[in-house]
$ cat work_37.txt   # compact mmCIF, C-alpha atoms
# COMPACT_ATOMS: atom_id res chain seq x y z
CA MET N 1 105.16 46.91 134.60
CA VAL N 2 102.51 44.40 133.63
CA GLY N 3 99.95 47.14 133.10
CA SER N 4 102.40 49.16 130.99
CA SER N 5 103.21 46.16 128.78
CA SER N 6 99.52 45.40 128.33
CA THR N 7 98.83 49.01 127.39
CA GLU N 8 101.64 48.99 124.83
CA ARG N 9 100.27 45.82 123.25
CA GLY N 10 96.80 47.34 123.16
CA LEU N 11 98.10 50.48 121.50
CA PHE N 12 100.06 48.48 118.92
CA ALA N 13 97.02 46.32 118.13
CA THR N 14 94.87 49.44 117.76
CA ILE N 15 97.36 51.01 115.34
CA CYS N 16 97.52 47.79 113.29
CA LEU N 17 93.73 47.59 113.22
CA MET N 18 93.47 51.20 112.01
CA VAL N 19 96.04 50.55 109.29
CA GLY N 20 94.18 47.44 108.15
CA LEU N 21 90.85 49.22 108.06
CA ALA N 22 92.42 52.11 106.13
CA VAL N 23 93.77 49.69 103.53
CA LEU N 24 90.35 48.06 103.22
CA GLY N 25 88.82 51.51 102.80
CA ILE N 26 91.24 52.35 99.99
CA ALA N 27 90.42 49.01 98.35
CA ALA N 28 86.70 49.85 98.54
CA VAL N 29 87.27 53.23 96.88
CA SER N 30 89.43 51.51 94.27
CA VAL N 31 86.46 49.36 93.28
CA PHE N 32 84.68 52.51 92.07
CA ASN N 33 87.94 53.71 90.52
CA VAL N 34 88.03 50.60 88.34
CA LEU N 35 84.29 50.48 87.64
CA PHE N 36 84.02 54.06 86.45
CA ASP N 37 87.61 54.65 85.27
CA LEU N 38 87.95 57.64 87.61
CA ASN N 39 91.78 57.77 87.70
CA LEU N 40 91.72 58.68 91.40
CA ALA N 41 94.92 59.23 93.41
CA LEU N 42 95.91 59.75 97.03
CA GLY N 43 98.21 62.58 98.03
CA THR N 44 98.90 65.35 100.49
CA ARG N 45 99.91 68.94 99.96
CA GLY N 46 103.57 69.13 99.02
CA ALA N 47 103.82 65.47 98.04
CA SER N 48 103.21 63.70 94.75
CA ALA N 49 99.95 61.78 94.51
CA THR N 50 99.82 58.00 94.39
CA ALA N 51 97.39 56.55 91.89
CA LEU N 52 94.79 54.13 93.22
CA PRO N 53 94.66 50.64 91.70
CA SER N 54 93.10 50.67 88.25
CA ASP N 55 92.64 46.93 87.67
CA TRP N 56 90.80 44.19 89.51
CA ALA N 57 93.91 42.15 90.31
CA SER N 58 95.49 45.08 92.16
CA VAL N 59 92.23 45.82 94.00
CA ALA N 60 92.00 42.18 95.09
CA MET N 61 95.58 42.20 96.35
CA LEU N 62 95.02 45.45 98.26
CA ALA N 63 91.85 44.10 99.86
CA ALA N 64 93.64 40.87 100.77
CA ALA N 65 96.45 42.86 102.41
CA GLY N 66 93.97 44.87 104.45
CA ALA N 67 92.05 41.77 105.47
CA LEU N 68 95.31 40.08 106.46
CA ILE N 69 96.33 42.98 108.72
CA VAL N 70 92.91 43.11 110.39
CA GLY N 71 92.74 39.33 110.70
CA LEU N 72 96.21 39.05 112.22
CA THR N 73 95.38 41.80 114.71
CA PHE N 74 92.36 39.92 116.04
CA PHE N 75 94.14 36.58 115.72
CA GLY N 76 97.11 37.80 117.75
CA GLY N 77 94.81 39.08 120.48
CA ALA N 78 92.91 35.78 120.58
CA VAL N 79 96.14 33.77 120.85
CA ALA N 80 97.44 36.05 123.62
CA ARG N 81 94.22 35.62 125.59
CA ALA N 82 94.29 31.85 125.04
CA LEU N 83 97.86 31.66 126.32
CA ALA N 84 97.04 33.82 129.32
CA GLY N 85 94.15 31.51 130.21
CA SER N 86 96.08 28.28 129.63
CA LYS N 87 97.12 26.20 132.60
CA GLY N 88 100.16 24.03 132.27
CA LEU N 89 102.89 23.73 129.67
CA GLY N 90 101.00 21.14 127.61
CA MET N 91 98.02 23.41 127.05
CA ARG N 92 100.25 26.33 126.09
CA VAL N 93 102.12 24.19 123.58
CA LEU N 94 98.78 23.09 122.12
CA VAL N 95 97.69 26.73 121.72
CA VAL N 96 100.97 27.66 119.99
CA VAL N 97 100.87 24.65 117.65
CA GLY N 98 97.25 25.35 116.77
CA ALA N 99 98.03 29.02 116.08
CA LEU N 100 100.95 28.11 113.83
CA ALA N 101 98.80 25.61 111.92
CA LEU N 102 96.14 28.26 111.32
CA LEU N 103 98.79 30.73 110.15
CA VAL N 104 100.18 28.18 107.68
CA LEU N 105 96.71 27.43 106.30
CA GLY N 106 95.97 31.14 106.03
CA GLY N 107 99.26 31.72 104.23
CA ILE N 108 98.48 28.98 101.73
CA GLY N 109 95.06 30.51 101.11
CA LEU N 110 96.52 33.97 100.56
CA GLN N 111 99.16 32.55 98.23
CA ARG N 112 96.48 30.90 96.11
CA LEU N 113 94.51 34.15 96.09
CA ALA N 114 97.57 36.09 94.94
CA LEU N 115 98.37 33.57 92.20
CA THR N 116 94.76 33.46 91.03
CA SER N 117 94.63 37.27 90.91
CA THR N 118 97.85 37.37 88.89
CA TYR N 119 97.31 34.49 86.48
CA GLY N 120 93.52 34.16 86.41
CA SER N 121 93.53 30.60 87.76
CA MET N 122 95.85 28.01 89.27
CA PHE N 123 95.67 26.12 85.99
CA VAL N 124 97.25 29.02 84.11
CA TYR N 125 99.85 29.37 86.87
CA TYR N 126 100.81 25.72 86.39
CA CYS N 127 101.43 26.45 82.70
CA THR N 128 104.51 28.49 83.69
CA ASP N 129 107.81 27.10 84.92
CA GLU N 130 106.21 26.45 88.34
CA GLY N 131 103.92 23.60 87.31
CA ASP N 132 104.46 20.03 86.17
CA ILE N 133 102.48 17.71 83.94
CA GLN N 134 100.57 16.19 86.86
CA ASP N 135 99.51 19.64 88.09
CA VAL N 136 98.17 20.45 84.62
CA ARG N 137 96.41 17.08 84.33
CA ASP N 138 94.70 17.53 87.69
CA GLU N 139 93.42 20.98 86.72
CA LEU N 140 92.24 19.74 83.32
CA GLU N 141 90.32 16.91 84.96
CA ALA N 142 88.68 19.41 87.31
CA GLY N 143 87.57 21.44 84.29
CA VAL N 144 88.89 24.60 82.62
CA THR N 145 87.38 27.21 80.31
CA PRO N 146 88.40 28.04 76.71
CA GLU N 147 89.74 31.35 78.03
CA GLU N 148 91.98 29.52 80.50
CA LEU N 149 93.24 27.23 77.75
CA ASP N 150 94.18 30.26 75.62
CA ARG N 151 95.97 31.94 78.53
CA CYS N 152 97.71 28.67 79.31
CA ILE N 153 99.01 28.33 75.74
CA SER N 154 100.41 31.87 75.97
CA ARG N 155 102.17 31.04 79.25
CA THR N 156 103.68 27.86 77.84
CA ALA N 157 105.21 29.92 75.03
CA GLN N 158 106.52 32.47 77.53
CA TRP N 159 108.24 29.74 79.54
CA ASN N 160 109.00 27.28 76.70
CA ARG N 161 106.84 24.57 78.28
CA HIS N 162 106.62 22.45 75.15
CA ASP N 163 106.21 19.39 77.38
CA LEU N 164 102.75 20.59 78.39
CA LEU N 165 101.40 21.24 74.90
CA PRO N 166 100.20 17.68 74.13
CA GLU N 167 98.08 17.60 77.31
CA ILE N 168 96.60 21.04 76.65
CA VAL N 169 95.78 20.43 72.99
CA ALA N 170 94.29 17.03 73.82
CA ALA N 171 91.97 18.83 76.27
CA GLY N 172 90.73 21.21 73.56
CA GLY N 173 93.40 23.90 73.50
CA ASN N 174 94.65 25.38 70.23
CA PHE N 175 96.81 28.19 68.90
CA GLU N 176 94.03 30.43 67.58
CA GLN N 177 93.66 32.56 70.75
CA ALA N 178 89.97 32.98 69.93
CA SER N 179 89.08 34.29 73.40
CA VAL N 180 91.53 37.19 73.08
CA GLU N 181 90.30 40.49 71.65
CA GLU N 182 91.07 40.40 67.93
CA LYS N 183 93.44 43.37 67.91
CA PHE N 184 95.56 41.72 70.62
CA ARG N 185 95.76 38.25 69.10
CA ARG N 186 99.17 37.02 68.06
CA CYS N 187 100.77 33.72 67.21
CA VAL N 188 102.53 32.30 70.26
CA LEU N 189 105.38 31.19 68.00
CA SER N 190 106.30 34.82 67.36
CA GLY N 191 107.87 35.00 70.82
CA ASP N 192 111.33 33.84 71.79
CA VAL N 193 110.40 30.17 71.84
CA SER N 194 112.78 27.25 71.52
CA VAL N 195 113.16 24.87 68.60
CA GLN N 196 111.55 22.17 70.74
CA TYR N 197 108.53 24.40 71.31
CA VAL N 198 108.15 25.17 67.61
CA LYS N 199 108.39 21.47 66.76
CA ALA N 200 105.79 20.50 69.37
CA ALA N 201 103.42 23.26 68.22
CA VAL N 202 103.76 22.33 64.53
CA ASP N 203 103.22 18.65 65.31
CA LEU N 204 100.06 19.62 67.22
CA GLY N 205 98.51 21.73 64.47
CA ALA N 206 100.09 25.18 64.43
CA THR N 207 99.84 26.54 60.87
CA PRO N 208 99.46 29.98 59.25
CA SER N 209 95.70 29.51 59.38
CA THR N 210 95.55 28.44 63.04
CA CYS N 211 98.12 30.86 64.48
CA PRO N 212 96.79 34.44 64.16
CA ASN N 213 98.62 37.42 62.69
CA ALA N 214 101.69 35.43 61.70
CA ASP N 215 101.93 35.57 57.92
CA ASP N 216 105.40 37.08 58.23
CA LEU N 217 106.49 34.79 61.08
CA ILE N 218 109.61 33.46 59.33
CA ASP N 219 110.77 36.94 58.35
CA THR N 220 110.22 38.14 61.91
CA ILE N 221 112.24 35.30 63.42
CA VAL N 222 115.11 35.75 60.97
CA ARG N 223 115.20 39.52 61.40
CA ARG N 224 115.22 39.33 65.19
CA ALA N 225 117.92 36.66 65.53
CA ASN N 226 121.59 37.28 66.26
CA SER N 227 124.31 35.77 64.08
CA ASP N 228 125.21 33.19 66.72
CA GLN N 229 121.64 31.86 66.54
CA ASP N 230 121.84 30.87 62.87
CA PRO N 231 121.69 27.07 63.47
CA GLU N 232 118.66 27.42 65.75
CA VAL N 233 116.94 29.80 63.35
CA ALA N 234 117.54 27.41 60.46
CA GLU N 235 115.82 24.61 62.39
CA LYS N 236 112.85 26.85 63.21
CA VAL N 237 112.51 27.99 59.60
CA ALA N 238 112.57 24.39 58.36
CA LEU N 239 109.83 23.42 60.82
CA LEU N 240 107.69 26.44 59.92
CA ARG N 241 108.05 25.82 56.19
CA ARG N 242 106.89 22.27 56.79
CA ALA N 243 103.79 23.67 58.50
CA GLY N 244 102.99 25.95 55.55
CA TRP N 245 104.73 29.25 56.36
CA SER N 246 106.75 31.07 53.73
CA SER N 247 109.31 33.85 53.94
CA GLU N 248 107.38 36.04 51.52
CA GLY N 249 105.28 37.69 54.27
$ encode --input "work_37.txt" --output "C-alpha cells"
Amino acid sequence: MVGSSSTERGLFATICLMVGLAVLGIAAVSVFNVLFDLNLALGTRGASATALPSDWASVAMLAAAGALIVGLTFFGGAVARALAGSKGLGMRVLVVVGALALLVLGGIGLQRLALTSTYGSMFVYYCTDEGDIQDVRDELEAGVTPEELDRCISRTAQWNRHDLLPEIVAAGGNFEQASVEEKFRRCVLSGDVSVQYVKAAVDLGATPSTCPNADDLIDTIVRRANSDQDPEVAEKVALLRRAGWSSEG
C-alpha cells in the first residue's frame, strides 16, 4: 500500500512537472510570436486553433503560471521529504508552518507580478480604486517616470480618483498625456468622470491647451448625457467654461 501511494504521488508530480514545462515552452515560443508578430496559434486536427499570446503582459503571465506549476511540484516534493524525515510532532509542525509561510510569500510575489504586468507598475495600480493616498505618496517618494504619471492620470479618471490628483500633479503629473502616442492621446475629462473630478482637474490646470484633443469637450459631454443627468452636466459645463472651453467645438 505504501509503495502504491508513493508511486501515485510520483506519477502525479511527473504529470504536473510536464504540464509546467509545456506551459513554459509555450511562453518561450510566444516571445518570438510577440517579437516578430508571427500570429502563431496552437491547434489539433478537427479542433479550432488557439492563438498564442501577442503581447508582453500575456507572455509574462503565461511564463509565471508555468514557473508556478514547476515550482510547486518541486516544493511539494521537498516538503513531503522533509515531513518524512522529521522526528517528533514539533519538527513536523515547524516544517508545515515554514512551508505555509513560503507559499504566502510566493503568492504575494506572484500577485505583484500579475499587477505589474497588467498596470505597468504598482504605482499605476494604486491610482485605481484599490489604492489610497498613502500608497500613492510612498510610490511617488520612491520615484516614478513621466510615463507612469500619465498612465496614473488616466486611471484616476477611469475610477474617479479626484482625491489623488493633487498629489500626482504636485509630483509633476499633468493632463497632456505627452508620453502617449499622439494619435491615441485624449483628454481624461472626456470620459465618464464626476463633477468632483472635473473640478479638481480644472483647479489643477486642465484647460483646452493642456488637455489634448478636447476642443469639443462640452458638446461631447452634453450629447452623451441622459436627461436625468442635466444638473450634473450643467455643473460640468460651468466648470469647463471657467477653464476656457466653449460649446462651439
$ residues_around --input "work_37.txt" --residues "region 70-81 of chain N" --least-positions-apart "4" --cutoff "9 Å" --atoms "all atoms listed in the file" --output "ChimeraX atom specification"
/N:10,13-14,16-21,65-66,85-86,95-96,99,103
$ atom_distance --input "work_37.txt" --atom1 "CA of Arg161 (chain N)" --atom2 "CA of Tyr197 (chain N)"
7.2 Å
$ closest_residue --input "work_37.txt" --among "N:Asp215, N:Asp37, N:Asp135, N:Glu147" --to "Gly173 (chain N)" --atoms "all atoms listed in the file"
N:Glu147
$ residues_around --input "work_37.txt" --residues "Asp219 (chain N)" --least-positions-apart "4" --cutoff "10 Å" --atoms "all atoms listed in the file" --output "PyMOL selection string"
chain N and resi 214-215+223-224+237+245-249
$ atom_distance --input "work_37.txt" --atom1 "CA of Arg151 (chain N)" --atom2 "CA of Val59 (chain N)"
21.1 Å
$ closest_residue --input "work_37.txt" --among "N:Ser30, N:Asn160, N:Asn174, N:Asn213" --to "Lys199 (chain N)" --atoms "only C-alpha atoms"
N:Asn160
$ residues_around --input "work_37.txt" --residues "Val193 (chain N)" --least-positions-apart "4" --cutoff "10 Å" --atoms "only C-alpha atoms" --output "JSON, numbers by chain"
{"N": [156, 157, 158, 159, 160, 161, 162, 188, 189, 197, 198, 236]}
$ axis_aligned_box --input "work_37.txt" --around "region 27-31 of chain N" --padding-each-side "6 Å" --output "JSON"
{"center_x": 88.4, "center_y": 51.1, "center_z": 95.9, "size_x": 16.0, "size_y": 16.2, "size_z": 17.3}
$ atom_distance --input "work_37.txt" --atom1 "CA of Phe36 (chain N)" --atom2 "CA of Asp55 (chain N)"
11.3 Å
$ residues_around --input "work_37.txt" --residues "Gly131 (chain N)" --least-positions-apart "5" --cutoff "10 Å" --atoms "only C-alpha atoms" --output "PyMOL selection string"
chain N and resi 122-126+136+161+164
$ closest_residue --input "work_37.txt" --among "N:Asn39, N:Thr207, N:Asn226, N:Thr145" --to "Arg241 (chain N)" --atoms "all atoms listed in the file"
N:Thr207
$ residues_around --input "work_37.txt" --residues "Phe184 (chain N)" --least-positions-apart "4" --cutoff "10 Å" --atoms "all atoms listed in the file" --output "list in words"
Gln177, Val180, Pro212 and Asn213 of chain N
$ closest_residue --input "work_37.txt" --among "N:Leu204, N:Val144, N:Leu83, N:Val195" --to "Glu235 (chain N)" --atoms "all atoms listed in the file"
N:Val195
